[in-house]
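These notes are about the structure you will find just below.
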Amino acid sequence: MIFLPLYIDPGTGSMLFSILIGAAATLFFLAKALFLKLKLIFAGKKGLQEDKGYKNYVIYCEDKRYWTVFQPVIEEFEKRKIELTYYTGSKDDPVFQNKYDYIKSEFIGAGNVAYAKLNMISAGIVLMTTPGLQVYQLKRSRNVKHYSHIFHSCTDSTMYRLFGLDYFDSVLMTGDYQGEDIRLLEEQRNLPKKELVTVGCTYLDVLKEKMASIPDEEKHEFTVLVSPSWGKSALLGLYGEKLLDPLVKSNMKIIVRPHPQSRISEKEMLDRLHERYKDNTNLEWDNERDNIYSLKKADIMISDFSGIVYDYTFLCDKPVMYANSDMDLLPYDIYDTGHDPWAVTTLQKIGIPINESDFENIAEVIKNASDSPELAKLRAHYKAEAWQHIGEAGKLTAEFMVSKLAEIENEKTRSR
């Protein structure tokens, strides 16, 4: 008899894992409910105790790069002397470098390991940047009262993969405009209406403060920052050497900051480019967690449809050139809205377009790319639209979490 090795493709493996997690969660809660019921029967009402694992407020940070999203919220809870549990997927998350009295931080692993824990937690409010709740492996726990999503960029609410926000109870937005597409999809998909609250942008509040403390360069060279999104439609994936070769030959100072996901999904491409330019002293790679150091140095940015465009324009008020604003929208929620993304249509108004045919003379094109009062006025307009409540996002997020849990508890008391 010949035994052939079993192969399970990634999609099937993901599905099987989801089934196993779902079954484990169901058994866990059934066993827990049975235990409490037996405890009540044998010990009377006094035997029924509050769930010791229950936490009022939980933040899930899937990776340390989202630290600046949650830092202002954490500091607001600490200031108010309210306990909050912070679960992170990074062992070296910056949270561990701080001494908090009311913030309980725990590394829970990444990916499926983290989801296995999160799928069975008991909590009042859970806040996260991670989309796809109840779609993939990350499920709603039966013992969580409210799930809230907070954005980690000033861009479209529908630029997540399909059903990214559908199963959250609330969404905390950077600007009111993000709510329009959420409501449109709720109507199309017959979903219950989520609570939409505009709190501002926590991470931009942090970066604004940090950037102000960075000293200017003593000897500044004109600097071009190439900072794209990731994927086959993004700048490096689409053009790569075609853009970087003439930039390097221009002898201008070039900083290339790949999207963090590129280091995971496009490692082969990045390795190839690193090798190609390893001897070029006027090109450097930026892999820092915070993008503000490169943003501060740059005189102009070349990008695509990446959200970093808005970090740059909102924080630095400098011109952006874009080489490609097109992307395949089919896998994203925006596709079902029937219109172009806000990020793309806005970029076409505040940015300076360049084509592949411009690459050969890129130095001249950059030299002739001029800012104007009209572009500056448009940047200010869209900044006001996308980044509301500047400097207040941490406070407003904490206030929402605290008031929402109080509201839930009051409704529970009234229904008894």
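Each chain in the structure tokens gets a letter, A, B and so on, in the order shown; residues start at 1 in every chain, and ligands are counted from 1 in the order they appear.
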
Practice prompt. Extract, using only C-alpha atoms, all DNA, RNA and protein residues at most 9 Å from Gln178 (chain A), discarding same-chain residues fewer than 3 positions from it, and format them as a list in words.
Written response: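 That gives Cys154, Thr155, Asp156, Ser157, Thr158, Met173, Thr174, Gly175, Asp181, Ile182, Thr198, Trp342 and Ala386 of chain A.
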
Select from region 176-225 of chain A every residue with an atom at most 12 Å from any atom of region 357-365 of chain A, then for each give the shortest pair of atoms and their distance in Å to one decimal, using only C-alpha atoms, rows by chain and rising number, as CSV.
residue,atom,partner,partner_atom,distance
A:Phe222,CA,A:Ala363,CA,11.3
A:Thr223,CA,A:Ala363,CA,11.5
A:Val224,CA,A:Ala363,CA,10.1

Item to complete: Show which residues sit within 10 Å of Ser303 (chain A), as a list in words. Count only C-alpha atoms, and ignore same-chain residues fewer than 2 positions away.
Response: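 Neighbouring residues, sequence-local ones excluded: Leu225, Val226, Ser227, Pro228, Ser229, Ala234, Leu235, Leu236, Ile300, Met301, Phe305, Ser306, Gly307, Ile308, Val309, Val320, Met321, Tyr322, Ala323, Asn324, Ser325, Gly351 and Pro353 of chain A.
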
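Residue nearest Asn98 (chain A), chosen from A:Arg289, A:Ile214, A:Val206, A:Glu78 and counting only C-alpha atoms: A:Glu78.
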
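CA of Phe70 (chain A) sits 21.6 Å away from CA of Ser141 (chain A).
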
Give me, as a Markdown table, the closest atom pair and its distance (Å, one decimal) for every residue of region 124-243 of chain A within a cut-off of 8 Å of region 329-333 of chain A, counting only C-alpha atoms, rows sorted by chain and rising number.
| residue | atom | partner | partner_atom | distance |
| --- | --- | --- | --- | --- |
| A:Thr158 | CA | A:Asp333 | CA | 4.9 |
| A:Met159 | CA | A:Tyr332 | CA | 5.7 |
| A:Tyr160 | CA | A:Tyr332 | CA | 5.5 |
| A:Arg161 | CA | A:Tyr332 | CA | 4.3 |
| A:Leu162 | CA | A:Asp333 | CA | 4.8 |
| A:Phe163 | CA | A:Asp333 | CA | 6.5 |
| A:Gly164 | CA | A:Asp333 | CA | 7.3 |

Can you spit out the residues from that selection as a PDB file, in the first residue's frame, using C-alpha atoms?
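Saved as selection02.pdb:
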ATOM      1  CA  THR A 158     -14.305  51.207   2.221  1.00  0.00           C
ATOM      2  CA  MET A 159     -10.708  50.512   1.233  1.00  0.00           C
ATOM      3  CA  TYR A 160     -10.639  47.297   3.259  1.00  0.00           C
ATOM      4  CA  ARG A 161     -11.128  43.867   1.766  1.00  0.00           C
ATOM      5  CA  LEU A 162     -14.760  42.848   1.326  1.00  0.00           C
ATOM      6  CA  PHE A 163     -16.967  43.063   4.437  1.00  0.00           C
ATOM      7  CA  GLY A 164     -14.145  44.729   6.379  1.00  0.00           C
TER       8      GLY A 164
END

Practice prompt. Between CA of Ser250 (chain A) and CA of Ile354 (chain A), measure the distance and give it in Å to one decimal.
Written response: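 We find that CA of Ser250 (chain A) and CA of Ile354 (chain A) lie 16.6 Å from each other.
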
Worksheet item: Got a sec: who's within 12 Å of Tyr277 (chain A), counting only C-alpha atoms, leaving out chain neighbours fewer than 6 positions off, as an NGL selection string?
Response: :A and (240-241 or 244-249 or 254-256 or 270-271 or 283-285)

Worksheet item: Looking only at the backbone, which of the residues in region 78-317 of chain A does DSSP tag as helix (DSSP H, G or I), as an MDAnalysis selection string?
Response: chainID A and resid 78:80 94:97 112:118 178:188 202:212 235:238 241:249 262:265 267:276 292:297 308:316
